[in-house]
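One file, coords_15.tsv, carrying TSV, C-alpha atoms:
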```tsv
chain	number	residue	atom	x	y	z
A	3	MET	CA	-19.28	22.72	5.05
A	4	LEU	CA	-19.20	21.50	8.65
A	5	SER	CA	-15.97	21.04	10.58
A	6	GLU	CA	-14.92	17.56	11.73
A	7	GLU	CA	-15.51	18.67	15.32
A	8	ALA	CA	-19.05	19.81	14.56
A	9	ILE	CA	-19.87	16.52	12.83
A	10	LEU	CA	-18.37	14.55	15.72
A	11	VAL	CA	-20.36	16.41	18.36
A	12	ARG	CA	-23.64	16.34	16.43
A	13	SER	CA	-23.31	12.60	15.84
A	14	ALA	CA	-22.63	11.97	19.53
A	15	LEU	CA	-25.69	13.98	20.55
A	16	ASP	CA	-27.87	12.21	17.99
A	17	ALA	CA	-26.67	8.81	19.23
A	18	GLN	CA	-27.63	9.67	22.81
A	19	GLY	CA	-30.94	11.33	21.95
A	20	LEU	CA	-29.71	14.68	23.25
A	21	GLU	CA	-29.83	16.76	20.09
A	22	THR	CA	-32.18	19.72	20.07
A	23	PRO	CA	-35.35	18.76	18.12
A	24	MET	CA	-34.69	20.22	14.67
A	25	LEU	CA	-35.94	19.75	11.11
A	26	ASP	CA	-34.02	20.72	7.98
A	27	ASN	CA	-36.44	23.07	6.22
A	28	GLY	CA	-33.92	23.86	3.49
A	29	LEU	CA	-34.05	27.60	4.15
A	30	SER	CA	-30.89	29.66	3.77
A	31	ARG	CA	-29.91	32.29	6.31
A	32	ASP	CA	-31.38	35.03	4.14
A	33	LYS	CA	-34.64	33.15	3.56
A	34	LYS	CA	-35.02	32.59	7.31
A	35	TYR	CA	-34.38	36.27	7.94
A	36	GLN	CA	-36.96	37.36	5.36
A	37	LYS	CA	-39.63	34.95	6.56
A	38	ILE	CA	-39.21	35.75	10.26
A	39	SER	CA	-39.31	39.46	9.47
A	40	GLN	CA	-42.59	39.01	7.60
A	41	LEU	CA	-44.12	36.89	10.35
A	42	MET	CA	-43.02	39.29	13.10
A	43	THR	CA	-44.62	42.13	11.17
A	44	GLU	CA	-47.90	40.23	11.50
A	45	VAL	CA	-47.32	39.56	15.20
A	46	VAL	CA	-46.52	43.19	16.01
A	47	SER	CA	-49.46	44.43	13.97
A	48	THR	CA	-51.79	41.89	15.58
A	49	LEU	CA	-50.81	43.24	18.99
A	50	GLY	CA	-52.13	46.61	17.84
A	51	LEU	CA	-48.79	48.40	17.63
A	52	ASP	CA	-48.24	51.08	14.99
A	53	LEU	CA	-45.45	49.98	12.67
A	54	THR	CA	-45.35	53.39	11.03
A	55	ASP	CA	-43.94	54.83	14.26
A	56	ASP	CA	-40.21	55.49	13.92
A	57	SER	CA	-39.50	53.52	17.12
A	58	LEU	CA	-41.35	50.40	15.89
A	59	LYS	CA	-40.99	50.28	12.13
A	60	GLU	CA	-37.69	48.35	12.20
A	61	THR	CA	-38.69	46.03	15.06
A	62	PRO	CA	-39.60	42.98	12.88
A	63	HIS	CA	-36.27	43.30	11.07
A	64	ARG	CA	-34.35	43.62	14.34
A	65	ILE	CA	-36.04	40.52	15.74
A	66	ALA	CA	-35.34	38.52	12.58
A	67	LYS	CA	-31.65	39.45	12.60
A	68	MET	CA	-31.41	38.75	16.34
A	69	TYR	CA	-33.00	35.30	15.97
A	70	VAL	CA	-30.97	34.15	12.98
A	71	ASP	CA	-27.56	35.70	13.67
A	72	GLU	CA	-27.44	35.92	17.45
A	73	VAL	CA	-29.71	34.26	20.00
A	74	PHE	CA	-30.47	31.18	17.86
A	75	SER	CA	-27.21	30.94	15.90
A	76	GLY	CA	-26.40	27.70	17.74
A	77	LEU	CA	-29.03	25.90	15.67
A	78	ASP	CA	-26.59	25.96	12.74
A	79	TYR	CA	-23.54	23.70	13.17
A	80	LYS	CA	-21.71	25.91	10.67
A	81	ASN	CA	-21.33	28.23	13.66
A	82	PHE	CA	-19.76	25.57	15.86
A	83	PRO	CA	-16.59	27.08	17.35
A	84	LYS	CA	-13.18	26.23	16.01
A	85	ILE	CA	-11.71	23.91	18.60
A	86	ALA	CA	-8.05	23.85	19.65
A	87	VAL	CA	-7.28	20.44	21.16
A	88	ILE	CA	-3.64	19.56	21.81
A	89	GLU	CA	-1.76	16.52	22.97
A	90	ASN	CA	-1.32	16.31	26.74
A	91	LYS	CA	2.48	16.48	26.53
A	92	MET	CA	2.64	18.03	30.00
A	93	GLN	CA	1.06	14.88	31.44
A	94	VAL	CA	-1.56	16.88	33.33
A	95	GLN	CA	-3.53	14.45	35.48
A	96	GLU	CA	-5.42	16.75	37.83
A	97	MET	CA	-8.75	18.45	37.31
A	98	VAL	CA	-9.05	21.40	34.96
A	99	LYS	CA	-12.05	23.51	35.97
A	100	VAL	CA	-13.46	26.68	34.43
A	101	LYS	CA	-15.90	28.49	36.72
A	102	ASP	CA	-18.49	31.22	36.30
A	103	ILE	CA	-18.92	30.95	32.54
A	104	SER	CA	-21.72	33.41	31.86
A	105	PHE	CA	-24.38	32.42	29.36
A	106	THR	CA	-27.69	33.69	28.06
A	107	SER	CA	-30.13	31.28	26.47
A	108	THR	CA	-33.82	31.17	25.54
A	109	CYS	CA	-36.54	29.02	27.06
A	110	GLU	CA	-37.98	26.87	24.28
A	111	HIS	CA	-41.42	26.84	25.96
A	112	HIS	CA	-42.01	30.61	26.03
A	113	PHE	CA	-39.07	32.11	24.06
A	114	VAL	CA	-37.96	34.27	26.96
A	115	THR	CA	-34.52	34.62	28.52
A	116	ILE	CA	-32.54	32.13	30.59
A	117	ASP	CA	-29.64	33.91	32.28
A	118	GLY	CA	-26.98	32.07	34.23
A	119	SER	CA	-23.48	30.69	34.68
A	120	ALA	CA	-21.79	27.35	34.13
A	121	THR	CA	-18.85	25.47	35.58
A	122	VAL	CA	-17.13	22.88	33.39
A	123	ALA	CA	-14.34	20.52	34.44
A	124	TYR	CA	-12.45	17.55	33.05
A	125	ILE	CA	-9.58	15.24	33.94
A	126	PRO	CA	-7.09	15.31	31.06
A	127	GLN	CA	-6.20	12.03	29.41
A	128	GLY	CA	-4.48	12.24	26.04
A	129	ARG	CA	-5.89	15.64	25.11
A	130	ILE	CA	-6.15	19.18	26.49
A	131	ILE	CA	-8.57	21.77	25.16
A	132	GLY	CA	-7.93	25.51	24.89
A	133	LEU	CA	-9.61	27.16	27.87
A	134	SER	CA	-11.56	29.76	25.88
A	135	LYS	CA	-12.99	26.95	23.76
A	136	ILE	CA	-14.90	25.68	26.79
A	137	ASN	CA	-16.64	29.06	27.06
A	138	ARG	CA	-17.39	28.97	23.35
A	139	ILE	CA	-18.94	25.49	23.56
A	140	VAL	CA	-21.21	26.67	26.38
A	141	ARG	CA	-22.20	29.70	24.35
A	142	PHE	CA	-22.88	27.69	21.17
A	143	PHE	CA	-25.37	25.36	22.83
A	144	ALA	CA	-26.91	28.22	24.83
A	145	GLN	CA	-27.70	30.05	21.59
A	146	ARG	CA	-30.72	27.87	20.91
A	147	PRO	CA	-34.21	27.49	22.26
A	148	GLN	CA	-33.38	25.31	25.26
A	149	VAL	CA	-34.36	23.53	28.41
A	150	GLN	CA	-31.59	23.75	30.98
A	151	GLU	CA	-31.44	20.00	31.58
A	152	ARG	CA	-30.70	19.30	27.91
A	153	LEU	CA	-28.27	22.20	27.65
A	154	THR	CA	-26.22	20.80	30.54
A	155	GLN	CA	-26.08	17.35	28.95
A	156	GLN	CA	-25.17	18.73	25.52
A	157	ILE	CA	-22.13	20.52	26.90
A	158	LEU	CA	-21.06	17.35	28.72
A	159	VAL	CA	-21.31	15.15	25.62
A	160	ALA	CA	-19.58	17.73	23.41
A	161	MET	CA	-16.62	17.91	25.80
A	162	GLN	CA	-16.46	14.12	26.13
A	163	SER	CA	-16.46	13.68	22.36
A	164	LEU	CA	-13.80	16.29	21.69
A	165	LEU	CA	-11.49	15.18	24.53
A	166	GLN	CA	-12.11	11.45	24.04
A	167	THR	CA	-12.73	10.89	27.73
A	168	GLN	CA	-15.77	10.32	29.93
A	169	ASP	CA	-14.18	12.28	32.79
A	170	VAL	CA	-16.14	15.51	32.32
A	171	ALA	CA	-18.54	17.39	34.58
A	172	VAL	CA	-20.88	20.32	34.05
A	173	THR	CA	-23.04	22.28	36.46
A	174	MET	CA	-25.27	25.24	35.62
A	175	GLU	CA	-27.28	27.75	37.64
A	176	ALA	CA	-29.74	30.07	35.94
A	177	VAL	CA	-32.66	32.42	36.32
A	178	HIS	CA	-35.56	31.58	34.01
A	179	TYR	CA	-37.59	34.58	32.95
A	180	CYS	CA	-40.55	32.33	32.15
A	181	VAL	CA	-40.66	31.91	35.95
A	182	LYS	CA	-39.52	35.43	36.86
A	183	SER	CA	-41.53	37.60	34.47
A	184	ARG	CA	-44.70	35.56	33.88
A	185	GLY	CA	-46.71	32.78	35.49
A	186	VAL	CA	-45.69	32.44	39.12
A	187	MET	CA	-43.49	35.58	38.85
A	188	ASP	CA	-40.91	34.37	41.34
A	189	VAL	CA	-38.00	36.81	41.16
A	190	ASN	CA	-35.71	34.92	43.56
A	191	SER	CA	-35.56	31.27	42.51
A	192	LYS	CA	-32.73	29.79	40.46
A	193	THR	CA	-32.45	26.43	38.72
A	194	GLN	CA	-29.39	24.22	39.18
A	195	THR	CA	-28.55	21.28	36.91
A	196	THR	CA	-25.56	18.93	36.88
A	197	ALA	CA	-24.24	16.39	34.39
A	198	LEU	CA	-21.45	14.04	35.46
A	199	GLY	CA	-19.39	11.53	33.53
A	200	GLY	CA	-16.65	9.01	34.31
A	201	CYS	CA	-14.85	9.53	37.60
A	202	PHE	CA	-17.00	12.56	38.42
A	203	LYS	CA	-19.94	10.18	38.68
A	204	ASP	CA	-18.16	7.13	40.11
A	205	ASP	CA	-15.71	8.72	42.57
A	206	GLY	CA	-17.27	10.63	45.46
A	207	ARG	CA	-14.08	12.55	46.23
A	208	THR	CA	-13.69	13.78	42.65
A	209	ARG	CA	-17.36	14.75	42.54
A	210	ALA	CA	-17.05	16.64	45.84
A	211	GLU	CA	-13.95	18.48	44.60
A	212	PHE	CA	-15.80	19.56	41.47
A	213	LEU	CA	-18.88	20.74	43.35
A	214	ALA	CA	-16.89	22.57	46.03
A	215	ARG	CA	-17.15	26.36	45.76
A	216	TYR	CA	-13.58	27.70	45.80
```
Could you write out this file's structure as structure tokens?
Amino acid sequence: MLSEEAILVRSALDAQGLETPMLDNGLSRDKKYQKISQLMTEVVSTLGLDLTDDSLKETPHRIAKMYVDEVFSGLDYKNFPKIAVIENKMQVQEMVKVKDISFTSTCEHHFVTIDGSATVAYIPQGRIIGLSKINRIVRFFAQRPQVQERLTQQILVAMQSLLQTQDVAVTMEAVHYCVKSRGVMDVNSKTQTTALGGCFKDDGRTRAEFLARY
């Protein structure tokens, strides 16, 4: 059973073409775990590793559990965080900004790590969201195979839907291990992405305040 918030956010992402490409294969959590474990046994064996070694014999099971319950748990909207949104009785009208939200995601092209931080801000209208919930929203969408551009937009749309305002902004900076550990092997470069809505897009002063590093 999905929460109202999960249904709201998923519908908004679908409407804007920003949902992660997914198919409902009808597999339960346990079936996914079992199948991934079997397939990873083949992968590890194909690489020529000895699965009878005590260091390796549980590796397919560890990977299966990690995929289903941890690094890809954001594929299941049943894991969408419980959201505390309250009425803006304090009449807050200035920017609320949460900086340096750490996240770890996975590149959907190579299934290697994306490691970075996010800053999320909004201008309260009728609603205020619990601060830790912003971190949890970032984490939920990061726990999927991702491209950073889509991840940034997903967080923006989720916040806009839950707060019922367009006045939301997100910026992310991350190291991509598909760049760092393979291919070009550039250990220094970082990728920055930004998604702006409402006054953050239309008002230069508000945008500059959000992007300022303080």
Would you pick out the contacts of Gln93 (chain A) at 12 Å or less, using all atoms listed in the file, so that residues sharing its chain but fewer than 3 positions from it are not included, and give the list as a CSV table (one decimal) with C-alpha atoms, in the frame of the given file?
```
chain,number,residue,atom,x,y,z
A,88,ILE,CA,-3.6,19.6,21.8
A,89,GLU,CA,-1.8,16.5,23.0
A,90,ASN,CA,-1.3,16.3,26.7
A,96,GLU,CA,-5.4,16.8,37.8
A,97,MET,CA,-8.8,18.4,37.3
A,125,ILE,CA,-9.6,15.2,33.9
A,126,PRO,CA,-7.1,15.3,31.1
A,127,GLN,CA,-6.2,12.0,29.4
A,128,GLY,CA,-4.5,12.2,26.0
A,129,ARG,CA,-5.9,15.6,25.1
A,130,ILE,CA,-6.2,19.2,26.5
```
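Once Glu21 (chain A) and its same-chain neighbours fewer than 3 positions away are set aside, Val11, Arg12, Ser13, Ala14, Leu15, Asp16, Ala17, Gln18, Met24, Leu25, Gly76, Leu77, Tyr79, Phe143, Arg146, Pro147, Gln148, Val149, Arg152, Leu153, Thr154, Gln155, Gln156, Ile157, Val159 and Ala160 of chain A remain within 12 Å of it when counting only C-alpha atoms.
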Just the selected residues (C-alpha atoms), exported as a PDB file, in the coordinates of the input, please.
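again.pdb written:
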```pdb
ATOM      1  CA  VAL A  11     -20.360  16.410  18.360  1.00  0.00           C
ATOM      2  CA  ARG A  12     -23.640  16.340  16.430  1.00  0.00           C
ATOM      3  CA  SER A  13     -23.310  12.600  15.840  1.00  0.00           C
ATOM      4  CA  ALA A  14     -22.630  11.970  19.530  1.00  0.00           C
ATOM      5  CA  LEU A  15     -25.690  13.980  20.550  1.00  0.00           C
ATOM      6  CA  ASP A  16     -27.870  12.210  17.990  1.00  0.00           C
ATOM      7  CA  ALA A  17     -26.670   8.810  19.230  1.00  0.00           C
ATOM      8  CA  GLN A  18     -27.630   9.670  22.810  1.00  0.00           C
ATOM      9  CA  MET A  24     -34.690  20.220  14.670  1.00  0.00           C
ATOM     10  CA  LEU A  25     -35.940  19.750  11.110  1.00  0.00           C
ATOM     11  CA  GLY A  76     -26.400  27.700  17.740  1.00  0.00           C
ATOM     12  CA  LEU A  77     -29.030  25.900  15.670  1.00  0.00           C
ATOM     13  CA  TYR A  79     -23.540  23.700  13.170  1.00  0.00           C
ATOM     14  CA  PHE A 143     -25.370  25.360  22.830  1.00  0.00           C
ATOM     15  CA  ARG A 146     -30.720  27.870  20.910  1.00  0.00           C
ATOM     16  CA  PRO A 147     -34.210  27.490  22.260  1.00  0.00           C
ATOM     17  CA  GLN A 148     -33.380  25.310  25.260  1.00  0.00           C
ATOM     18  CA  VAL A 149     -34.360  23.530  28.410  1.00  0.00           C
ATOM     19  CA  ARG A 152     -30.700  19.300  27.910  1.00  0.00           C
ATOM     20  CA  LEU A 153     -28.270  22.200  27.650  1.00  0.00           C
ATOM     21  CA  THR A 154     -26.220  20.800  30.540  1.00  0.00           C
ATOM     22  CA  GLN A 155     -26.080  17.350  28.950  1.00  0.00           C
ATOM     23  CA  GLN A 156     -25.170  18.730  25.520  1.00  0.00           C
ATOM     24  CA  ILE A 157     -22.130  20.520  26.900  1.00  0.00           C
ATOM     25  CA  VAL A 159     -21.310  15.150  25.620  1.00  0.00           C
ATOM     26  CA  ALA A 160     -19.580  17.730  23.410  1.00  0.00           C
TER      27      ALA A 160
END
```
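Note that the spacing between CA of Ile38 (chain A) and CA of Ala66 (chain A) amounts to 5.3 Å.
Between CA of Ala210 (chain A) and CA of Thr193 (chain A) the interatomic distance comes to 19.6 Å.
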**Request:** Please provide the set of residues having any atom within 10 Å of region 41-54 of chain A, restricted to only C-alpha atoms, with same-chain residues fewer than 4 positions apart removed, written as a VMD selection string.
**Result:** chain A and resid 36 to 37 58 to 66
**Message:** If I take CA of Pro83 (chain A) and CA of Ile139 (chain A), how far is one from the other in Å, to one decimal?
**Reply:**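 One can read the CA of Pro83 (chain A) to CA of Ile139 (chain A) distance as 6.8 Å.
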**Contact residues around Ile136 (chain A) with only C-alpha atoms at 12 Å, ignoring same-chain residues under 3 positions, as a ChimeraX atom specification** = /A:82-87,98-105,120-124,130-133,139-143,157-158,160-162,164-165,170-172
**Fill in**
Among A:Arg215, A:His178, A:Lys33, A:Lys91, Gly118 (chain A) is approached most closely, using all atoms listed in the file, by A:His178
